[in-house]
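Everything below concerns the one structure shown next.
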Amino acid sequence: MLNFDQVSNKFKELNSSESNEMNLLDFDFVSVDDWDFNVEEIEPLMNLTQPQKLVQRENDCTSLIKSSGSRLDRPMWDFSHQQSQLPSSFKILKDYDTTRFIKRSKTEQNIIISNECIKDDNGSMLSTDEILRLGAEKFIQSFTIRGDQEPYMFSHPFASSFLGLPEEDTRNVALVENLLASAEKVGQKQFDRARRILNECDKLCSNTGNAIQRLVYYFSQALHERIDRETGRDSSKGIEMKRLVQHIEHSLMNLNLTMIAAHQNIPLSQVTQFAAVQAIIDHVGESKKVHIIDLKIGSGMQWTILMQALVTHQFESESIKHLKITALCTKLRHKIEETRERLMDFAKSLNLPFSFNIVMVKDMTELKQEDFEIDDDESIAIFAQYILMWMLARPDKLDSLMRVIKGINPRAMIVIEVEANHNSPVFVDRFVEALFFYGAFFDSLEDCMKNDERNRTATELEHLSQGIRSIVATEGEERTIRHVKVDVWRAFFTRYGMEEMELSMSSLYQANLVLKNFACGSCCTLEMNKNCLLIGWKGTPLNSLSAWKFS
């Protein structure tokens, strides 16, 4: 069996001359030596105790509220007691927890992994998600008391003893409450009032504070930018967002220290990639010639996993004769070529027959099936990782791509997407969804990279904050980040005659094995939504993995 450390050393030797760019094998990733490709059943995995953590948290919050003397004597998601009419744009807050809690309660039997998350004693009683929900509840409660008056900022009656929480949690709840109040005013185009509230938030939030303070900081910056755009203070709309998109694309292509540190310490990426590679093997594993068409290859880190699997396990038969990867791109060809060189060297170190092609088009509408060099005896799998969402603002591009894929008729199309609804035309609805979604991401960085503040800060600045800016500050075609949930993708793929395939037990097993290699893996949740695997953090789904074929 091939040893991962040996492969790592070989790759380091091949790249010893490179000093400016970090190499993915300079770090210890999950070893494929522990990867069992022959899992037939995982009964211990499927017989886990049904999660009761969410119910317990709601009970705990209710008890805290009762003990603090508040009149609220019901679970947080029950707002039937309120008489004042909420702003119509913020009705989503009223329903947010109800919808999510009921949905999860109905699908408890589909939870694969939901271990008790080990929480560090950092002076906070609550997770980021819990603080966000308490802040939302406090915003609604305050609105029913004040009506449409100026917020009390950080001097409201509960500021010193809200829920009997530690002072830091109390301030964090107040930060969230006032951030939501500002977003509401932006949605109502009351920009002066929104800016006044944001200025108060800015006094207590920071990009170097705790998870909530950092989250509020980046959302506050995005709200400031939206206000400037709406009031004509920012005249560089198109230019600035074009630079933003280019920045995100460059960041995803670069194999730098920040990306590797996040990949190494946060389980979400590796869980998704290992399960996805297993899904590919399940559908093309019997072929001697495998052709992977990657629609957004990035650094290509995921294909080192596949290469090791092909060489190490050889599918229990003769050695694979050839692996071909075709990368599709519309720009940054030089970055794709750098990825090609890395993968070519890595394959050579494993004695794996390998070729790498690049298909470059100026626009996705120009793509043709003939652009791909396809042999009759190849087994083709298409890998679509965080690419389809970028084309939601341009349906013509997405339609053109899907028609070409249908003509290729691959054995499987493996899709990895963000599991969130950030495509609502209503600004405040989109804001609330994004706040809870990115709150889970900031929480994961807080837990998993607490000893690496430099790379954690860089990850938030280079990646997460840019997504927040796009979702919050922009509209129209400028709003390039438009995440939608798997139910939307199901309806979309059905239009092209596609069927969702069941992920194998082996894919689920690989995901579980990866989690065991992370100290914070217990905070990750794996859940089945029909045939789709949802990967989440402390109960909040963040990514989806699904497999498709043409009927």
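Here's how to read the names in the structure tokens: chain A, B, ... by the order shown, residue numbers from 1 in each chain, ligand numbers from 1 in the order shown.
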Exercise: Arg495 in chain A partners within 12 Å, only C-alpha atoms, chain neighbours under 4 positions left out, as a PDB file with N, CA and C atoms, in the first residue's frame:
```
ATOM      1  N   ASP A 399     -27.519  27.698 -19.605  1.00  0.00           N
ATOM      2  CA  ASP A 399     -28.231  26.838 -20.542  1.00  0.00           C
ATOM      3  C   ASP A 399     -27.283  26.277 -21.599  1.00  0.00           C
ATOM      4  N   MET A 402     -25.196  23.479 -20.031  1.00  0.00           N
ATOM      5  CA  MET A 402     -25.955  22.264 -19.764  1.00  0.00           C
ATOM      6  C   MET A 402     -26.257  21.490 -21.049  1.00  0.00           C
ATOM      7  N   ARG A 403     -26.465  22.190 -22.144  1.00  0.00           N
ATOM      8  CA  ARG A 403     -26.743  21.511 -23.414  1.00  0.00           C
ATOM      9  C   ARG A 403     -25.503  20.773 -23.910  1.00  0.00           C
ATOM     10  N   LYS A 406     -25.141  17.684 -21.744  1.00  0.00           N
ATOM     11  CA  LYS A 406     -26.109  16.664 -22.147  1.00  0.00           C
ATOM     12  C   LYS A 406     -25.633  15.933 -23.394  1.00  0.00           C
ATOM     13  N   VAL A 488     -33.707  23.829  -5.539  1.00  0.00           N
ATOM     14  CA  VAL A 488     -33.740  24.639  -6.756  1.00  0.00           C
ATOM     15  C   VAL A 488     -32.952  23.952  -7.863  1.00  0.00           C
ATOM     16  N   TRP A 489     -31.802  23.392  -7.514  1.00  0.00           N
ATOM     17  CA  TRP A 489     -31.001  22.687  -8.517  1.00  0.00           C
ATOM     18  C   TRP A 489     -31.730  21.448  -9.028  1.00  0.00           C
ATOM     19  N   ARG A 490     -32.471  20.780  -8.173  1.00  0.00           N
ATOM     20  CA  ARG A 490     -33.236  19.597  -8.616  1.00  0.00           C
ATOM     21  C   ARG A 490     -34.229  19.989  -9.715  1.00  0.00           C
ATOM     22  N   ALA A 491     -34.947  21.063  -9.468  1.00  0.00           N
ATOM     23  CA  ALA A 491     -35.918  21.515 -10.467  1.00  0.00           C
ATOM     24  C   ALA A 491     -35.212  21.930 -11.754  1.00  0.00           C
ATOM     25  N   GLU A 499     -31.465  12.786 -13.786  1.00  0.00           N
ATOM     26  CA  GLU A 499     -31.958  12.065 -12.619  1.00  0.00           C
ATOM     27  C   GLU A 499     -30.899  12.095 -11.529  1.00  0.00           C
ATOM     28  N   PHE A 550     -28.049  11.554 -17.000  1.00  0.00           N
ATOM     29  CA  PHE A 550     -29.123  11.835 -17.946  1.00  0.00           C
ATOM     30  C   PHE A 550     -29.938  10.571 -18.178  1.00  0.00           C
ATOM     31  N   SER A 551     -31.241  10.715 -18.091  1.00  0.00           N
ATOM     32  CA  SER A 551     -32.120   9.557 -18.228  1.00  0.00           C
ATOM     33  C   SER A 551     -32.249   9.177 -19.692  1.00  0.00           C
TER      34      SER A 551
END
```
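Of all the residues in range 318-457 of chain A, the ones DSSP labels as strand (DSSP E) from the backbone are His322, Leu323, Lys324, Ile325, Thr326, Ala327, Leu328, Cys329, Phe354, Ser355, Phe356, Asn357, Ile358, Val359, Met360, Ser379, Ile380, Ala381, Ile382, Phe383, Ala384, Gln385, Ala412, Met413, Ile414, Val415, Ile416, Glu417 and Val418 of chain A.
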(Q) For the structure I just gave you, how does DSSP split range 450-485 of chain A - specifically, which residues are helix (DSSP H, G or I)? Reply as an MDAnalysis selection string. (A) chainID A and resid 453:473 476:478
Export of the given selection (N, CA, C and O atoms) as a compact mmCIF listing (two decimals), in the first residue's frame:
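And here's again-v2.txt as it stands now:
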```
# COMPACT_ATOMS: atom_id res chain seq x y z
N GLU A 453 -4.36 32.78 13.94
CA GLU A 453 -5.14 34.00 13.73
C GLU A 453 -4.80 34.66 12.39
O GLU A 453 -5.69 35.20 11.72
N ARG A 454 -3.55 34.59 11.97
CA ARG A 454 -3.16 35.26 10.74
C ARG A 454 -3.88 34.68 9.53
O ARG A 454 -4.46 35.39 8.73
N ASN A 455 -3.87 33.36 9.40
CA ASN A 455 -4.53 32.74 8.26
C ASN A 455 -6.05 32.78 8.39
O ASN A 455 -6.76 32.84 7.38
N ARG A 456 -6.55 32.74 9.62
CA ARG A 456 -8.00 32.87 9.81
C ARG A 456 -8.47 34.24 9.33
O ARG A 456 -9.46 34.37 8.61
N THR A 457 -7.75 35.28 9.73
CA THR A 457 -8.10 36.63 9.32
C THR A 457 -8.01 36.78 7.81
O THR A 457 -8.88 37.40 7.17
N ALA A 458 -6.98 36.19 7.22
CA ALA A 458 -6.81 36.28 5.77
C ALA A 458 -7.93 35.54 5.05
O ALA A 458 -8.43 36.01 4.01
N THR A 459 -8.35 34.39 5.57
CA THR A 459 -9.45 33.64 4.97
C THR A 459 -10.73 34.45 4.99
O THR A 459 -11.47 34.51 4.00
N GLU A 460 -11.01 35.09 6.12
CA GLU A 460 -12.22 35.90 6.23
C GLU A 460 -12.17 37.11 5.30
O GLU A 460 -13.16 37.46 4.67
N LEU A 461 -10.99 37.72 5.20
CA LEU A 461 -10.86 38.92 4.37
C LEU A 461 -10.88 38.59 2.89
O LEU A 461 -11.54 39.27 2.08
N GLU A 462 -10.17 37.53 2.47
CA GLU A 462 -10.00 37.23 1.06
C GLU A 462 -11.19 36.48 0.46
O GLU A 462 -11.43 36.58 -0.74
N HIS A 463 -11.91 35.73 1.29
CA HIS A 463 -12.97 34.89 0.74
C HIS A 463 -14.36 35.26 1.28
O HIS A 463 -15.24 35.66 0.53
N LEU A 464 -14.55 35.12 2.60
CA LEU A 464 -15.89 35.30 3.16
C LEU A 464 -16.39 36.73 3.00
O LEU A 464 -17.55 36.96 2.64
N SER A 465 -15.53 37.70 3.27
CA SER A 465 -15.99 39.09 3.19
C SER A 465 -16.38 39.48 1.77
O SER A 465 -17.29 40.29 1.58
N GLN A 466 -15.72 38.88 0.79
CA GLN A 466 -16.05 39.20 -0.60
C GLN A 466 -17.43 38.68 -0.98
O GLN A 466 -18.19 39.33 -1.71
N GLY A 467 -17.77 37.49 -0.48
CA GLY A 467 -19.11 36.97 -0.70
C GLY A 467 -20.17 37.82 -0.04
O GLY A 467 -21.24 38.08 -0.61
N ILE A 468 -19.88 38.27 1.18
CA ILE A 468 -20.81 39.14 1.90
C ILE A 468 -21.03 40.43 1.12
O ILE A 468 -22.17 40.91 0.97
N ARG A 469 -19.98 41.00 0.60
CA ARG A 469 -20.09 42.24 -0.18
C ARG A 469 -20.99 42.05 -1.39
O ARG A 469 -21.84 42.89 -1.68
N SER A 470 -20.79 40.96 -2.11
CA SER A 470 -21.58 40.73 -3.31
C SER A 470 -23.06 40.57 -2.98
O SER A 470 -23.92 41.14 -3.64
N ILE A 471 -23.37 39.82 -1.94
CA ILE A 471 -24.76 39.53 -1.58
C ILE A 471 -25.46 40.77 -1.02
O ILE A 471 -26.62 41.03 -1.33
N VAL A 472 -24.74 41.54 -0.21
CA VAL A 472 -25.36 42.65 0.52
C VAL A 472 -25.30 43.96 -0.25
O VAL A 472 -26.28 44.72 -0.27
N ALA A 473 -24.18 44.24 -0.89
CA ALA A 473 -23.96 45.59 -1.42
C ALA A 473 -24.42 45.78 -2.85
O ALA A 473 -24.52 46.92 -3.31
N GLY A 476 -28.66 43.34 -9.41
CA GLY A 476 -28.56 43.14 -10.85
C GLY A 476 -27.43 42.20 -11.22
O GLY A 476 -27.06 41.30 -10.46
N GLU A 477 -26.86 42.41 -12.39
CA GLU A 477 -25.79 41.54 -12.87
C GLU A 477 -24.53 41.68 -12.05
O GLU A 477 -23.67 40.78 -12.05
N GLU A 478 -24.38 42.79 -11.34
CA GLU A 478 -23.23 42.94 -10.44
C GLU A 478 -23.25 41.92 -9.31
O GLU A 478 -22.19 41.53 -8.80
```
Q: List the neighbours of range 327-344 of chain A out to 8 Å using only C-alpha atoms; skip same-chain residues closer than 4 positions along the sequence, and give me the result as a ChimeraX atom specification.
A: /A:250,253-254,293-300,303-304,348,354-364
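Shortest separation to Gly439 in chain A among A:Ala181, A:Leu352, A:Ala211, A:Ala136 occurs at residue A:Ala211, atoms counted being only C-alpha atoms.
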Q) Quick one: residues within 10 Å of Phe191 in chain A, only C-alpha atoms counted, chain neighbours fewer than 5 positions away excluded, as a list in words? A)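 Listed by chain and then number, they are Ser182, Ala183, Glu184, Lys185, Val186, Arg196, Ile197, Leu223, His224, Arg226, Ile227, Asp228, Glu230 and Thr231 of chain A.
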Q. From the set A:Tyr509, A:Phe274, A:Phe383, A:Phe437, which residue has the shortest atom-to-atom contact distance to Ile305 in chain A, counting only C-alpha atoms?
A. A:Phe274
Q: Work out how far apart CA of Leu534 in chain A and CA of Thr312 in chain A are and give it in Å to one decimal.
A: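 Calculated distance between CA of Leu534 in chain A and CA of Thr312 in chain A is 28.3 Å.
Distance annotation: of A:Met125, A:Gln188, A:Trp548, A:Glu137, the residue with the minimal separation from Glu167 in chain A is A:Met125; atom set is only C-alpha atoms.
The space between CA of Thr272 in chain A and CA of Gly521 in chain A spans 13.1 Å.
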